[in-house]
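Input: a single structure, listed below in structure tokens.
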Amino acid sequence: MLVLAHLCNGTTYAQLAAGFEVGTSTVYRYISEAVDLLAALAPTLNEAVRAASAKAYVLLDGTLLPIDRIAADRPYYSGKHKKHGMNVQVIADPFGRLLWASPALPGAVHDIRAARGHGIIDALDQAHIPCWADKGYQGARGTVRVPIRGRWEALSTGQQAVNRSQAKIRALVEAAIATLKTWRLLRKLRCSTTRITGIVQAILTLHHASSTGG
């Protein structure tokens with residue numbers, strides 16, 4: 001209950017310590033140990049790709065998890081989102097269901113660089129899994145399909161139709177991102193950035209456990 005209260009509701013260590021009548025250090029130790037154990041059970045990228053191989057295609061997008069940082073912390077500042085945070089790549093199935101979430105990188109890292117760094121593009125290509133992504137993944141190649149480049153008014157009617165169709169498909173990935181952010185702790189992280197990957201992976205484990213009734 002203590003761990004769920006922290007991850008799901010964003011309840012602080014101090015609030016949990018008062019509510020459970022234990023020391024703050026005890027709360028920190030208990031949550032840290034539980035998060036590490038849960039994170040170790042999270043699906044790997046290869047496992048997620050194997051699961052995705054039964055799907056017609058997957059959706060890929062990046063999301064920014066806001067963090068509490070000052071202006072000087074430039075590596076964590078996302079020019080796209082105009083705020084500090086951590087970049088997490090999300091893979092969803094055709095229905096917008098969350099399949100996998102990547103380790104967290106500083107917010108200044110662009111989506112395509114993050115996807116390449118995690119090996120997502122190569123893994124999907126090797127498994128021959130079609131993937132729909134937005135313009136942030138231009139140049140990804142492989143099986144990643146992105147919108148046709150160019151100003152809207154400069155595109156042909158057919159190209160505009162293709163981009164509209166792709167946009168409708170890609171929109172479903174927002175459901176997976178929303179699923180991740182139903183865990184309120186991820187809406188504003190105030191912990192060390194070194195702990196964020198573990199937190200994301202722990203939440204991924206809990207999400208899959210609840211989705212399968214495990």
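To be explicit about the labels: the chains of the structure tokens are called A, B, and onward in the order shown, and within each one the residues are counted from 1, while ligands get numbers from 1 in the order they are shown.
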Spatial neighbours of Met1 of chain A, 12 Å, only C-alpha atoms, chain gap at least 5 places, as number ranges by chain: A: 6-9, 11, 16, 19-20, 27, 30-31, 34
Determine, for each residue of segment 83-112 of chain A having at least one atom at most 9 Å from an atom of segment 189-198 of chain A, the closest pair of atoms and their separation in Å to one decimal, counting only C-alpha atoms; order by chain and ascending number, as a Markdown table.
```
| residue | atom | partner | partner_atom | distance |
| --- | --- | --- | --- | --- |
| A:Gly85 | CA | A:Leu189 | CA | 8.5 |
| A:Met86 | CA | A:Thr193 | CA | 8.1 |
| A:Val88 | CA | A:Thr197 | CA | 8.8 |
| A:Ser102 | CA | A:Thr197 | CA | 7.8 |
| A:Pro103 | CA | A:Thr197 | CA | 4.9 |
| A:Ala104 | CA | A:Thr197 | CA | 5.1 |
| A:Leu105 | CA | A:Thr197 | CA | 8.3 |
| A:Pro106 | CA | A:Thr193 | CA | 8.5 |
```
Separation of atom CA of Ile148 of chain A from atom CA of Arg170 of chain A, in Å and rounded to one decimal: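 Interatomic distance, atom CA of Ile148 of chain A to atom CA of Arg170 of chain A: 13.8 Å.
You will find atom CA of Ala127 of chain A at 9.7 Å from atom CA of Asn46 of chain A.
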A:Ala92, A:Ala5, A:Ala140, A:Leu185 ranked by distance to Lys55 of chain A, top pick (using only C-alpha atoms):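 Closest to Lys55 of chain A of all the choices is A:Ala92.
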Hey, what's within 10 Å of Gly79 of chain A if we count only C-alpha atoms and toss same-chain stuff fewer than 4 positions away? As a PDB file with N, CA and C atoms, in the first residue's frame, please?
```
ATOM      1  N   ARG A  74      20.608  22.637 -18.286  1.00  0.00           N
ATOM      2  CA  ARG A  74      20.263  22.604 -19.701  1.00  0.00           C
ATOM      3  C   ARG A  74      20.080  21.199 -20.274  1.00  0.00           C
ATOM      4  N   LYS A  83      10.160  23.017 -21.145  1.00  0.00           N
ATOM      5  CA  LYS A  83      10.253  22.736 -19.715  1.00  0.00           C
ATOM      6  C   LYS A  83      11.323  21.678 -19.476  1.00  0.00           C
ATOM      7  N   HIS A  84      11.724  21.528 -18.220  1.00  0.00           N
ATOM      8  CA  HIS A  84      12.701  20.512 -17.849  1.00  0.00           C
ATOM      9  C   HIS A  84      12.007  19.171 -17.656  1.00  0.00           C
ATOM     10  N   GLY A 107      15.797  15.503 -21.010  1.00  0.00           N
ATOM     11  CA  GLY A 107      14.799  16.064 -21.907  1.00  0.00           C
ATOM     12  C   GLY A 107      15.343  16.721 -23.154  1.00  0.00           C
ATOM     13  N   ALA A 108      16.602  17.131 -23.157  1.00  0.00           N
ATOM     14  CA  ALA A 108      17.193  17.763 -24.331  1.00  0.00           C
ATOM     15  C   ALA A 108      17.440  16.767 -25.463  1.00  0.00           C
ATOM     16  N   VAL A 109      17.377  15.479 -25.151  1.00  0.00           N
ATOM     17  CA  VAL A 109      17.599  14.447 -26.170  1.00  0.00           C
ATOM     18  C   VAL A 109      16.368  14.362 -27.075  1.00  0.00           C
ATOM     19  N   HIS A 110      16.568  14.487 -28.388  1.00  0.00           N
ATOM     20  CA  HIS A 110      15.470  14.421 -29.345  1.00  0.00           C
ATOM     21  C   HIS A 110      14.944  12.994 -29.462  1.00  0.00           C
TER      22      HIS A 110
END
```
